[in-house]
Amino acid sequence: MKKILWLAVVILVANPLVFYFEWIVGGYPWVKNEMEMDIRDHLASRGYKPENVKEIQVLYNRKLGNYTAKVVFRGEEDNIYYYDYIHEEITQTGITSSDRKHARHLEN
């Protein structure tokens with residue numbers, strides 16, 4: 001009887017840890033790395049060279065349960081461009097800018 005009770009407790013404690021592990025650790029590192037590589041490929045397909053990109057930071061949104069990336073281009077450090085997976089493709093989803101008219105890296 002003690003073994004069954006102990007097993008039930010272990011299952012009750014382990015199940016949420018396994019189910020919410022991605023949320024607990026703030027996103028899986030391999031998914032973040034894969035998304036960063038996909039963004040680099042996406043930018044390369046649009047003619048950008050690696051030296052055009054200052055920073056790519058992939059974040060896990062715990063509230064929505066998805067990954068998004070912030071991209072900062074050299075020479076335009078005041079603007080942050082956001083990229084997400086939409087229908088399994090990298091798509092630019094927004095920009096944080098004080099001067100949107102002069103943002104040089106907007107995608108249609």
# chains A, B, ... in the order shown; residues from 1 in each chain; ligands from 1
>>> closest_atom_pairs(of="region 8-89 of chain A", to="region 94-100 of chain A", cutoff="8 Å", atoms="only C-alpha atoms", output="Markdown table")
| residue | atom | partner | partner_atom | distance |
| --- | --- | --- | --- | --- |
| A:Asp78 | CA | A:Ser97 | CA | 6.6 |
| A:Asn79 | CA | A:Ser97 | CA | 4.8 |
| A:Ile80 | CA | A:Thr96 | CA | 5.1 |
| A:Tyr81 | CA | A:Ile95 | CA | 4.4 |
| A:Tyr82 | CA | A:Gly94 | CA | 5.1 |
| A:Tyr83 | CA | A:Gly94 | CA | 7.2 |
>>> write_last_selection(atoms="N, CA, C and O atoms", output="PDB file, in the first residue's frame")
ATOM      1  N   ASP A  78      18.352  52.035 -32.848  1.00  0.00           N
ATOM      2  CA  ASP A  78      17.169  52.507 -32.121  1.00  0.00           C
ATOM      3  C   ASP A  78      15.914  51.720 -32.471  1.00  0.00           C
ATOM      4  O   ASP A  78      14.907  51.835 -31.785  1.00  0.00           O
ATOM      5  N   ASN A  79      15.949  50.952 -33.536  1.00  0.00           N
ATOM      6  CA  ASN A  79      14.788  50.178 -33.974  1.00  0.00           C
ATOM      7  C   ASN A  79      14.985  48.706 -33.648  1.00  0.00           C
ATOM      8  O   ASN A  79      16.053  48.150 -33.876  1.00  0.00           O
ATOM      9  N   ILE A  80      13.943  48.090 -33.145  1.00  0.00           N
ATOM     10  CA  ILE A  80      13.950  46.650 -32.873  1.00  0.00           C
ATOM     11  C   ILE A  80      12.867  46.032 -33.741  1.00  0.00           C
ATOM     12  O   ILE A  80      11.702  46.429 -33.677  1.00  0.00           O
ATOM     13  N   TYR A  81      13.257  45.064 -34.551  1.00  0.00           N
ATOM     14  CA  TYR A  81      12.327  44.367 -35.440  1.00  0.00           C
ATOM     15  C   TYR A  81      11.985  43.017 -34.804  1.00  0.00           C
ATOM     16  O   TYR A  81      12.869  42.338 -34.281  1.00  0.00           O
ATOM     17  N   TYR A  82      10.722  42.634 -34.876  1.00  0.00           N
ATOM     18  CA  TYR A  82      10.255  41.393 -34.266  1.00  0.00           C
ATOM     19  C   TYR A  82       9.896  40.382 -35.345  1.00  0.00           C
ATOM     20  O   TYR A  82       9.268  40.725 -36.349  1.00  0.00           O
ATOM     21  N   TYR A  83      10.298  39.152 -35.119  1.00  0.00           N
ATOM     22  CA  TYR A  83      10.029  38.058 -36.049  1.00  0.00           C
ATOM     23  C   TYR A  83       9.401  36.898 -35.291  1.00  0.00           C
ATOM     24  O   TYR A  83       9.779  36.621 -34.155  1.00  0.00           O
TER      25      TYR A  83
END
>>> residues_around(residues="region 42-57 of chain A", least_positions_apart="2", cutoff="7 Å", atoms="only C-alpha atoms", output="compact mmCIF listing (two decimals) with all heavy atoms, in the first residue's frame")
# COMPACT_ATOMS: atom_id res chain seq x y z
N GLU A 36 16.79 31.12 -34.37
CA GLU A 36 17.83 32.09 -34.74
C GLU A 36 18.43 31.74 -36.09
O GLU A 36 18.63 32.62 -36.94
CB GLU A 36 18.92 32.13 -33.67
CG GLU A 36 19.98 33.15 -33.99
CD GLU A 36 21.05 33.28 -32.92
OE1 GLU A 36 20.82 32.87 -31.78
OE2 GLU A 36 22.13 33.80 -33.26
N ASP A 38 16.94 30.02 -38.48
CA ASP A 38 15.90 30.28 -39.48
C ASP A 38 15.80 31.77 -39.81
O ASP A 38 15.58 32.14 -40.97
CB ASP A 38 14.55 29.75 -39.01
CG ASP A 38 14.47 28.23 -39.02
OD1 ASP A 38 15.35 27.59 -39.63
OD2 ASP A 38 13.53 27.69 -38.40
N ILE A 39 15.96 32.61 -38.80
CA ILE A 39 15.93 34.05 -39.03
C ILE A 39 17.14 34.49 -39.85
O ILE A 39 17.02 35.28 -40.78
CB ILE A 39 15.84 34.83 -37.70
CG1 ILE A 39 14.46 34.63 -37.10
CG2 ILE A 39 16.14 36.31 -37.91
CD1 ILE A 39 14.32 35.13 -35.69
N ARG A 40 18.30 33.95 -39.53
CA ARG A 40 19.50 34.27 -40.32
C ARG A 40 19.31 33.85 -41.78
O ARG A 40 19.68 34.59 -42.69
CB ARG A 40 20.74 33.62 -39.71
CG ARG A 40 21.15 34.25 -38.39
CD ARG A 40 22.47 33.70 -37.87
NE ARG A 40 22.74 34.18 -36.54
CZ ARG A 40 23.22 35.40 -36.26
NH1 ARG A 40 23.46 36.25 -37.23
NH2 ARG A 40 23.45 35.76 -35.01
N LEU A 59 13.30 34.92 -27.69
CA LEU A 59 12.67 34.87 -26.37
C LEU A 59 11.47 33.94 -26.39
O LEU A 59 10.79 33.81 -27.41
CB LEU A 59 12.22 36.27 -25.95
CG LEU A 59 13.28 37.36 -25.99
CD1 LEU A 59 12.64 38.72 -25.89
CD2 LEU A 59 14.28 37.14 -24.88
N ALA A 69 11.43 36.68 -31.80
CA ALA A 69 12.82 37.14 -31.87
C ALA A 69 12.87 38.64 -32.06
O ALA A 69 12.06 39.21 -32.78
CB ALA A 69 13.54 36.45 -33.02
N LYS A 70 13.85 39.23 -31.40
CA LYS A 70 14.14 40.65 -31.56
C LYS A 70 15.41 40.76 -32.38
O LYS A 70 16.41 40.13 -32.06
CB LYS A 70 14.35 41.29 -30.19
CG LYS A 70 13.12 41.28 -29.32
CD LYS A 70 13.35 41.66 -27.87
CE LYS A 70 14.35 42.70 -27.57
NZ LYS A 70 14.40 43.11 -26.16
N VAL A 71 15.35 41.56 -33.44
CA VAL A 71 16.51 41.73 -34.32
C VAL A 71 16.87 43.20 -34.37
O VAL A 71 16.00 44.05 -34.59
CB VAL A 71 16.21 41.20 -35.75
CG1 VAL A 71 17.40 41.44 -36.67
CG2 VAL A 71 15.84 39.73 -35.71
N VAL A 72 18.15 43.48 -34.16
CA VAL A 72 18.67 44.85 -34.25
C VAL A 72 19.70 44.86 -35.37
O VAL A 72 20.61 44.02 -35.40
CB VAL A 72 19.31 45.30 -32.92
CG1 VAL A 72 19.92 46.68 -33.04
CG2 VAL A 72 18.31 45.23 -31.78
N PHE A 73 19.54 45.80 -36.30
CA PHE A 73 20.45 45.92 -37.43
C PHE A 73 21.51 46.98 -37.13
O PHE A 73 21.24 47.96 -36.44
CB PHE A 73 19.69 46.30 -38.70
CG PHE A 73 18.79 45.22 -39.21
CD1 PHE A 73 17.46 45.17 -38.85
CD2 PHE A 73 19.29 44.24 -40.04
CE1 PHE A 73 16.62 44.17 -39.32
CE2 PHE A 73 18.47 43.22 -40.51
CZ PHE A 73 17.13 43.19 -40.16
N ARG A 74 22.70 46.79 -37.68
CA ARG A 74 23.77 47.78 -37.53
C ARG A 74 23.36 49.08 -38.23
O ARG A 74 22.76 49.06 -39.30
CB ARG A 74 25.06 47.27 -38.12
CG ARG A 74 25.62 46.11 -37.35
CD ARG A 74 27.09 45.90 -37.64
NE ARG A 74 27.55 44.66 -37.04
CZ ARG A 74 27.82 44.50 -35.76
NH1 ARG A 74 27.69 45.52 -34.94
NH2 ARG A 74 28.21 43.34 -35.28
N ILE A 90 9.20 32.09 -41.06
CA ILE A 90 9.62 33.29 -40.35
C ILE A 90 8.98 34.51 -41.01
O ILE A 90 9.08 34.69 -42.22
CB ILE A 90 11.16 33.42 -40.36
CG1 ILE A 90 11.79 32.29 -39.54
CG2 ILE A 90 11.59 34.78 -39.83
CD1 ILE A 90 11.50 32.34 -38.06
>>> select_by_dssp(residues="region 44-106 of chain A", states="strand (DSSP E)", output="JSON, numbers by chain")
{"A": [53, 54, 55, 56, 57, 58, 59, 60, 61, 66, 67, 68, 69, 70, 71, 72, 73, 76, 77, 78, 79, 80, 81, 82, 83, 84, 85, 86, 89, 90, 91, 92, 93, 94, 95, 96]}
>>> atom_distance(atom1="CA of Lys63 (chain A)", atom2="CA of Gly27 (chain A)")
11.8 Å
>>> closest_residue(among="A:Arg62, A:Lys2, A:Lys101, A:Lys32", to="Asp84 (chain A)", atoms="only C-alpha atoms")
A:Lys32
>>> closest_residue(among="A:Ala103, A:Thr68, A:Ala8, A:Trp30", to="Ile86 (chain A)", atoms="only C-alpha atoms")
A:Thr68
>>> decode(residues="region 62-73 of chain A", atoms="N, CA, C and O atoms", output="PDB file, in the first residue's frame")
ATOM      1  N   ARG A  62       6.065  33.265 -22.094  1.00  0.00           N
ATOM      2  CA  ARG A  62       5.375  32.326 -21.203  1.00  0.00           C
ATOM      3  C   ARG A  62       3.865  32.511 -21.231  1.00  0.00           C
ATOM      4  O   ARG A  62       3.110  31.568 -21.085  1.00  0.00           O
ATOM      5  N   LYS A  63       3.440  33.724 -21.409  1.00  0.00           N
ATOM      6  CA  LYS A  63       2.001  34.010 -21.397  1.00  0.00           C
ATOM      7  C   LYS A  63       1.300  33.390 -22.605  1.00  0.00           C
ATOM      8  O   LYS A  63       0.210  32.837 -22.488  1.00  0.00           O
ATOM      9  N   LEU A  64       1.925  33.506 -23.784  1.00  0.00           N
ATOM     10  CA  LEU A  64       1.324  32.989 -25.008  1.00  0.00           C
ATOM     11  C   LEU A  64       1.831  31.600 -25.382  1.00  0.00           C
ATOM     12  O   LEU A  64       1.233  30.922 -26.211  1.00  0.00           O
ATOM     13  N   GLY A  65       2.968  31.211 -24.812  1.00  0.00           N
ATOM     14  CA  GLY A  65       3.522  29.893 -25.110  1.00  0.00           C
ATOM     15  C   GLY A  65       4.159  29.807 -26.481  1.00  0.00           C
ATOM     16  O   GLY A  65       4.157  28.759 -27.103  1.00  0.00           O
ATOM     17  N   ASN A  66       4.733  30.930 -26.962  1.00  0.00           N
ATOM     18  CA  ASN A  66       5.390  30.894 -28.262  1.00  0.00           C
ATOM     19  C   ASN A  66       6.748  31.585 -28.184  1.00  0.00           C
ATOM     20  O   ASN A  66       7.104  32.185 -27.188  1.00  0.00           O
ATOM     21  N   TYR A  67       7.474  31.485 -29.274  1.00  0.00           N
ATOM     22  CA  TYR A  67       8.800  32.089 -29.367  1.00  0.00           C
ATOM     23  C   TYR A  67       8.724  33.293 -30.299  1.00  0.00           C
ATOM     24  O   TYR A  67       8.011  33.276 -31.294  1.00  0.00           O
ATOM     25  N   THR A  68       9.474  34.328 -29.963  1.00  0.00           N
ATOM     26  CA  THR A  68       9.583  35.500 -30.819  1.00  0.00           C
ATOM     27  C   THR A  68      11.031  35.962 -30.781  1.00  0.00           C
ATOM     28  O   THR A  68      11.762  35.648 -29.844  1.00  0.00           O
ATOM     29  N   ALA A  69      11.432  36.678 -31.800  1.00  0.00           N
ATOM     30  CA  ALA A  69      12.820  37.136 -31.872  1.00  0.00           C
ATOM     31  C   ALA A  69      12.872  38.640 -32.061  1.00  0.00           C
ATOM     32  O   ALA A  69      12.057  39.215 -32.777  1.00  0.00           O
ATOM     33  N   LYS A  70      13.854  39.232 -31.404  1.00  0.00           N
ATOM     34  CA  LYS A  70      14.140  40.651 -31.556  1.00  0.00           C
ATOM     35  C   LYS A  70      15.408  40.759 -32.383  1.00  0.00           C
ATOM     36  O   LYS A  70      16.415  40.129 -32.059  1.00  0.00           O
ATOM     37  N   VAL A  71      15.346  41.555 -33.445  1.00  0.00           N
ATOM     38  CA  VAL A  71      16.505  41.728 -34.323  1.00  0.00           C
ATOM     39  C   VAL A  71      16.866  43.203 -34.373  1.00  0.00           C
ATOM     40  O   VAL A  71      16.004  44.053 -34.589  1.00  0.00           O
ATOM     41  N   VAL A  72      18.148  43.484 -34.157  1.00  0.00           N
ATOM     42  CA  VAL A  72      18.671  44.851 -34.247  1.00  0.00           C
ATOM     43  C   VAL A  72      19.704  44.860 -35.371  1.00  0.00           C
ATOM     44  O   VAL A  72      20.614  44.024 -35.399  1.00  0.00           O
ATOM     45  N   PHE A  73      19.538  45.802 -36.303  1.00  0.00           N
ATOM     46  CA  PHE A  73      20.452  45.920 -37.428  1.00  0.00           C
ATOM     47  C   PHE A  73      21.506  46.978 -37.131  1.00  0.00           C
ATOM     48  O   PHE A  73      21.235  47.962 -36.441  1.00  0.00           O
TER      49      PHE A  73
END
